[in-house]
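Quick look at start17.csv (CSV, C-alpha atoms):
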```csv
chain,number,residue,atom,x,y,z
K,7,MET,CA,33.2,-209.4,-61.2
K,8,VAL,CA,32.7,-211.1,-64.6
K,9,LYS,CA,35.0,-208.6,-66.3
K,10,GLN,CA,37.7,-209.3,-63.8
K,11,LEU,CA,37.3,-213.1,-64.1
K,12,LEU,CA,37.6,-212.8,-67.9
K,13,ARG,CA,40.6,-210.6,-67.6
K,14,ASN,CA,42.3,-213.0,-65.3
K,15,ARG,CA,41.4,-215.9,-67.5
K,16,LEU,CA,42.9,-214.2,-70.6
K,17,ARG,CA,46.0,-212.6,-69.1
K,18,LYS,CA,48.6,-214.9,-70.5
K,19,SER,CA,51.4,-215.0,-73.0
K,20,ILE,CA,50.5,-215.4,-76.6
K,21,ILE,CA,51.6,-218.8,-78.1
K,22,GLU,CA,50.4,-219.5,-81.6
K,23,GLY,CA,47.0,-218.1,-81.4
K,24,LYS,CA,46.2,-218.3,-77.7
K,25,LEU,CA,43.7,-215.6,-76.6
K,26,ALA,CA,45.5,-212.3,-76.0
K,27,ALA,CA,46.1,-210.3,-72.9
K,28,THR,CA,42.9,-208.3,-72.4
K,29,ALA,CA,39.2,-208.7,-72.9
K,30,SER,CA,36.2,-206.6,-72.2
K,31,CYS,CA,32.7,-207.8,-71.9
K,32,SER,CA,29.5,-205.8,-72.0
K,33,HIS,CA,26.5,-207.7,-70.9
K,34,ARG,CA,23.3,-207.0,-69.0
K,35,THR,CA,21.0,-209.4,-67.3
K,36,GLY,CA,17.7,-208.9,-65.5
K,37,GLN,CA,14.0,-208.9,-65.9
K,38,ASP,CA,13.7,-205.2,-66.8
K,39,ASN,CA,11.1,-205.0,-69.6
K,40,GLU,CA,11.8,-201.4,-70.5
K,41,PRO,CA,13.1,-201.0,-74.1
K,42,LYS,CA,16.7,-200.1,-73.1
K,43,HIS,CA,19.0,-200.7,-76.1
K,44,THR,CA,22.5,-200.1,-77.1
K,45,SER,CA,23.9,-200.7,-80.6
K,46,ARG,CA,26.9,-202.4,-81.8
K,47,LEU,CA,28.4,-202.4,-85.3
K,48,CYS,CA,27.7,-205.5,-87.4
K,49,ARG,CA,28.7,-206.7,-90.9
K,50,GLY,CA,28.0,-204.2,-93.6
K,51,ARG,CA,27.9,-201.4,-91.0
K,52,ASN,CA,24.5,-202.5,-89.8
K,53,ALA,CA,23.6,-202.0,-86.2
K,54,TRP,CA,22.9,-204.9,-83.7
K,55,LEU,CA,20.5,-203.6,-81.1
K,56,SER,CA,20.9,-205.4,-77.8
K,57,PRO,CA,18.3,-205.2,-75.1
K,58,LEU,CA,18.7,-206.4,-71.6
K,59,GLY,CA,19.7,-210.1,-71.5
K,60,CYS,CA,21.9,-210.0,-74.6
K,61,ALA,CA,25.4,-211.2,-73.9
K,62,MET,CA,28.1,-209.2,-75.6
K,63,PHE,CA,31.9,-209.4,-75.4
K,64,THR,CA,35.0,-208.2,-77.1
K,65,LEU,CA,38.3,-210.2,-77.3
K,66,ASN,CA,41.7,-209.2,-78.5
K,67,VAL,CA,43.5,-212.2,-80.2
K,68,GLN,CA,46.9,-212.4,-81.7
K,69,ILE,CA,47.7,-215.0,-84.3
K,70,GLU,CA,51.1,-215.6,-85.8
K,71,LEU,CA,50.9,-215.4,-89.6
K,72,ASN,CA,53.0,-218.6,-90.1
K,73,SER,CA,50.7,-220.7,-87.8
K,74,LYS,CA,48.1,-223.0,-89.1
K,75,LEU,CA,45.3,-220.6,-88.2
K,76,GLY,CA,47.3,-217.6,-89.4
K,77,GLN,CA,47.5,-219.1,-92.8
K,78,ARG,CA,43.7,-219.5,-92.9
K,79,ILE,CA,42.6,-216.5,-90.8
K,80,PRO,CA,39.0,-216.4,-92.2
K,81,PHE,CA,38.3,-219.5,-90.2
K,82,LEU,CA,38.5,-217.5,-87.0
K,83,GLN,CA,35.0,-216.1,-87.4
K,84,HIS,CA,33.6,-219.6,-87.9
K,85,LEU,CA,35.4,-220.8,-84.7
K,86,VAL,CA,33.8,-218.0,-82.7
K,87,ALA,CA,30.3,-218.7,-83.9
K,88,LEU,CA,30.9,-222.4,-83.3
K,89,ALA,CA,32.2,-221.6,-79.7
K,90,VAL,CA,28.9,-219.9,-78.8
K,91,VAL,CA,26.9,-223.0,-80.0
K,92,GLU,CA,29.3,-225.4,-78.2
K,93,ALA,CA,29.1,-223.3,-75.0
K,94,VAL,CA,25.4,-224.4,-74.8
K,95,CYS,CA,25.3,-227.7,-76.6
K,96,SER,CA,28.3,-229.3,-74.8
K,97,LEU,CA,26.6,-228.9,-71.4
K,98,PRO,CA,25.3,-232.2,-70.2
K,99,GLY,CA,21.6,-232.5,-71.1
K,100,TYR,CA,21.7,-229.5,-73.4
K,101,GLN,CA,23.1,-231.3,-76.5
K,102,ASP,CA,19.8,-231.3,-78.3
K,103,ILE,CA,19.0,-227.6,-77.9
K,104,ASP,CA,18.5,-226.5,-81.5
K,105,LEU,CA,21.3,-223.9,-81.9
K,106,ARG,CA,23.1,-223.8,-85.3
K,107,VAL,CA,25.9,-222.0,-87.0
K,108,LYS,CA,24.9,-220.2,-90.2
K,109,TRP,CA,27.8,-219.4,-92.5
K,110,PRO,CA,29.8,-217.3,-92.1
K,111,ASN,CA,29.3,-215.9,-88.7
K,112,ASP,CA,25.8,-216.0,-87.4
K,113,ILE,CA,24.1,-218.1,-84.6
K,114,TYR,CA,20.6,-219.3,-85.4
K,115,TYR,CA,17.7,-221.1,-83.8
K,116,GLY,CA,17.4,-224.1,-86.1
K,117,ASN,CA,16.8,-222.6,-89.6
K,118,ARG,CA,14.3,-220.1,-88.3
K,119,MET,CA,15.8,-217.0,-86.9
K,120,LYS,CA,19.0,-215.3,-85.9
K,121,LEU,CA,19.8,-214.9,-82.2
K,122,GLY,CA,23.5,-213.8,-82.4
K,123,GLY,CA,26.4,-212.9,-84.6
K,124,VAL,CA,30.2,-212.3,-84.8
K,125,LEU,CA,32.3,-209.6,-86.3
K,126,VAL,CA,36.1,-209.9,-86.6
K,127,THR,CA,38.4,-207.1,-87.7
K,128,SER,CA,42.2,-207.5,-88.2
K,129,THR,CA,45.4,-205.6,-88.5
K,130,VAL,CA,48.8,-207.1,-89.4
K,131,LEU,CA,51.8,-205.9,-87.6
K,132,GLY,CA,55.1,-207.6,-88.4
K,133,SER,CA,54.5,-211.3,-88.4
K,134,THR,CA,51.3,-211.2,-86.3
K,135,PHE,CA,47.6,-210.8,-86.9
K,136,HIS,CA,46.0,-208.5,-84.3
K,137,LEU,CA,42.3,-209.3,-84.3
K,138,LEU,CA,39.4,-207.8,-82.5
K,139,ILE,CA,36.5,-210.2,-82.1
K,140,GLY,CA,33.0,-208.8,-81.3
K,141,CYS,CA,30.3,-211.2,-80.4
K,142,GLY,CA,26.7,-210.8,-79.2
K,143,PHE,CA,23.9,-213.3,-78.7
K,144,ASN,CA,20.5,-213.3,-77.0
K,145,VAL,CA,20.4,-215.2,-73.7
K,146,THR,CA,17.5,-214.1,-71.6
K,147,ASN,CA,15.7,-211.6,-73.8
K,148,SER,CA,12.8,-212.9,-75.9
K,149,ASN,CA,12.8,-209.8,-78.1
K,150,PRO,CA,13.5,-208.7,-80.7
K,151,THR,CA,13.8,-212.3,-82.0
K,152,VAL,CA,14.3,-215.2,-79.7
K,153,CYS,CA,16.8,-216.1,-77.0
K,154,ILE,CA,18.6,-219.2,-75.7
K,155,ASN,CA,16.5,-219.5,-72.6
K,156,ASP,CA,13.4,-219.5,-74.8
K,157,LEU,CA,14.8,-222.6,-76.6
K,158,ILE,CA,15.5,-224.3,-73.3
K,159,GLN,CA,12.0,-223.6,-72.0
K,160,SER,CA,10.5,-224.9,-75.2
K,161,TYR,CA,12.7,-228.0,-75.0
K,162,ASN,CA,11.6,-228.6,-71.4
K,163,LEU,CA,7.9,-228.5,-72.4
K,164,GLN,CA,8.4,-230.8,-75.3
K,165,HIS,CA,10.4,-233.4,-73.5
K,166,SER,CA,9.0,-233.1,-69.9
K,167,CYS,CA,12.4,-232.2,-68.4
K,168,SER,CA,13.8,-229.4,-66.3
K,169,LEU,CA,16.9,-228.0,-67.8
K,170,GLN,CA,17.9,-224.8,-66.0
K,171,PRO,CA,18.0,-221.4,-67.7
K,172,LEU,CA,21.5,-220.1,-68.4
K,173,SER,CA,23.0,-216.7,-67.7
K,174,CYS,CA,25.0,-214.2,-69.8
K,175,ALA,CA,28.0,-214.5,-67.5
K,176,GLN,CA,28.0,-218.3,-67.6
K,177,LEU,CA,27.8,-218.4,-71.4
K,178,ILE,CA,30.4,-215.7,-72.0
K,179,ALA,CA,32.8,-217.6,-69.9
K,180,ARG,CA,32.0,-220.9,-71.5
K,181,THR,CA,32.2,-219.4,-75.0
K,182,VAL,CA,35.7,-218.1,-74.3
K,183,ASN,CA,36.8,-221.5,-73.0
K,184,CYS,CA,35.4,-223.2,-76.0
K,185,LEU,CA,37.0,-220.7,-78.4
K,186,GLU,CA,40.4,-221.3,-76.8
K,187,ALA,CA,40.0,-225.0,-77.2
K,188,LEU,CA,39.0,-224.7,-80.8
K,189,ILE,CA,41.9,-222.4,-81.6
K,190,ASP,CA,44.3,-224.8,-79.9
K,191,ASN,CA,42.9,-227.7,-81.9
K,192,PHE,CA,43.1,-225.8,-85.2
K,193,GLN,CA,46.7,-224.8,-84.5
K,194,GLN,CA,47.7,-228.4,-83.8
K,195,GLY,CA,45.7,-230.2,-86.5
K,196,GLY,CA,44.5,-227.6,-89.0
K,197,PRO,CA,40.9,-227.4,-90.4
K,198,GLU,CA,40.4,-231.1,-90.2
K,199,SER,CA,40.5,-231.0,-86.4
K,200,VAL,CA,37.5,-228.7,-86.1
K,201,LEU,CA,35.4,-229.4,-89.3
K,202,PRO,CA,33.5,-232.4,-88.0
K,203,THR,CA,32.2,-230.4,-85.1
K,204,TYR,CA,31.4,-227.4,-87.4
K,205,TYR,CA,29.5,-229.6,-89.8
K,206,LYS,CA,27.6,-231.1,-86.8
K,207,ARG,CA,26.4,-227.7,-85.8
K,208,TRP,CA,26.1,-226.2,-89.3
K,209,LEU,CA,22.8,-225.0,-90.7
K,210,HIS,CA,22.8,-226.9,-94.0
K,211,ARG,CA,19.7,-225.4,-95.5
K,212,CYS,CA,19.7,-222.0,-97.2
K,213,VAL,CA,18.3,-219.3,-94.8
K,214,THR,CA,17.4,-215.8,-96.0
```

Same coordinates, now as structure tokens:
Amino acid sequence: MVKQLLRNRLRKSIIEGKLAATASCSHRTGQDNEPKHTSRLCRGRNAWLSPLGCAMFTLNVQIELNSKLGQRIPFLQHLVALAVVEAVCSLPGYQDIDLRVKWPNDIYYGNRMKLGGVLVTSTVLGSTFHLLIGCGFNVTNSNPTVCINDLIQSYNLQHSCSLQPLSCAQLIARTVNCLEALIDNFQQGGPESVLPTYYKRWLHRCVT
């Protein structure tokens, strides 16, 4: 059902960096504690192991070379990581959940540990970048590091509130929506249109 919703959402004509015609998402949810993992390729050909509860998706994006984003295509990986953080932190009540973007393409819990990442590969055909975006982040799985719902639970305990846990399907859909908005803003206004939001979510300290 989620796959079909995303395909419907993304099936549109490509106009200066809109999300392209097809997308696939691979995500699993549930409370199964058995160590079932699949692996995905990460930067440096490292493997990202994803247990149950890790949201993963792949998007095809086409960007015209002569567009604002096409002239600064490395920004795309930053926009994707930012879209994941915004998918959570732009929800009413969730704005103080301590999710951060770590340069160039990681999603972090504060400055403590990684809970997601982005990989973008590109090919140029004619006057168009054809890009494949792979993204994965921990939503409901506390292992191997930490997950978004752990952060929500901790926030609830610290602030005596009752924010609801989030689902993989919900956050994949919100991330795609946020990414489309960020791409549109960049195409209209260039880097200056997104940098204030990026700096707001940026992990400023050095993290190793």

Proximity to Leu65 in chain K - best of K:Gln193, K:Ser173, K:Asn144, K:Thr181, only C-alpha atoms
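Among the listed residues, K:Thr181 lies closest to Leu65 in chain K.
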
Find the spatial neighbours of range 107-112 of chain K, counting all atoms listed in the file, within a cut-off of 10 Å - ignore same-chain residues fewer than 5 positions away - and output them as a PyMOL selection string.
chain K and resi 49+80-91+117+120-126+141-143+204-213

Work out how far apart CA of Gly195 in chain K and CA of Phe63 in chain K are and give it in Å to one decimal.
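Result for CA of Gly195 in chain K versus CA of Phe63 in chain K: 27.3 Å, one decimal.
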
Near-Thr129 in chain K list (12 Å; all atoms listed in the file; drop same-chain fewer than 3 positions) as a ChimeraX atom specification:
/K:66-71,79,126,132-139

Counting only C-alpha atoms, figure out which residue out of K:Val152, K:Met119, K:Leu97, K:Leu75 gets nearest to Leu172 in chain K.
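Closest to Leu172 in chain K, using only C-alpha atoms: K:Leu97.
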
Pick from K:Asn72, K:Gln101, K:Asn155, K:Ser199 nearest to Gln170 in chain K, counting only C-alpha atoms:
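The closest residue to Gln170 in chain K is K:Asn155.
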
Atomic distance CA of Gly59 in chain K - CA of Tyr114 in chain K, expressed in Å with one decimal:
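Between CA of Gly59 in chain K and CA of Tyr114 in chain K the gap is 16.7 Å.
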
Find the residue from K:Val200, K:Cys167, K:Ile189, K:Ala179 that sits nearest to Gly99 in chain K; use only C-alpha atoms when measuring.
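Result for the nearest residue to Gly99 in chain K: K:Cys167.
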
Excluding Pro98 in chain K and residues on its chain fewer than 4 positions from it, collect all residues at most 10 Å away from it, counting all atoms listed in the file, and give them as a list in words.
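Residues meeting the cut-off are Val94, Asp102 and Leu169 of chain K.
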
Since we have the selection now, will you write its residues out, keeping C-alpha atoms, as a PDB file, in the frame of the given file?
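Once everything was written out, this is again30.pdb:
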```
ATOM      1  CA  VAL K  94      25.400-224.400 -74.800  1.00  0.00           C
ATOM      2  CA  ASP K 102      19.800-231.300 -78.300  1.00  0.00           C
ATOM      3  CA  LEU K 169      16.900-228.000 -67.800  1.00  0.00           C
TER       4      LEU K 169
END
```

Could you jot down the CA of Glu92 in chain K to CA of Ser160 in chain K separation for me, Å, one decimal place?
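Taking CA of Glu92 in chain K as the start and CA of Ser160 in chain K as the end point, the length is 19.0 Å.
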
For Gln159 in chain K, which residue among K:Tyr100, K:Gly116, K:Thr64, K:Gln77 is the nearest when counting all atoms listed in the file?
K:Tyr100
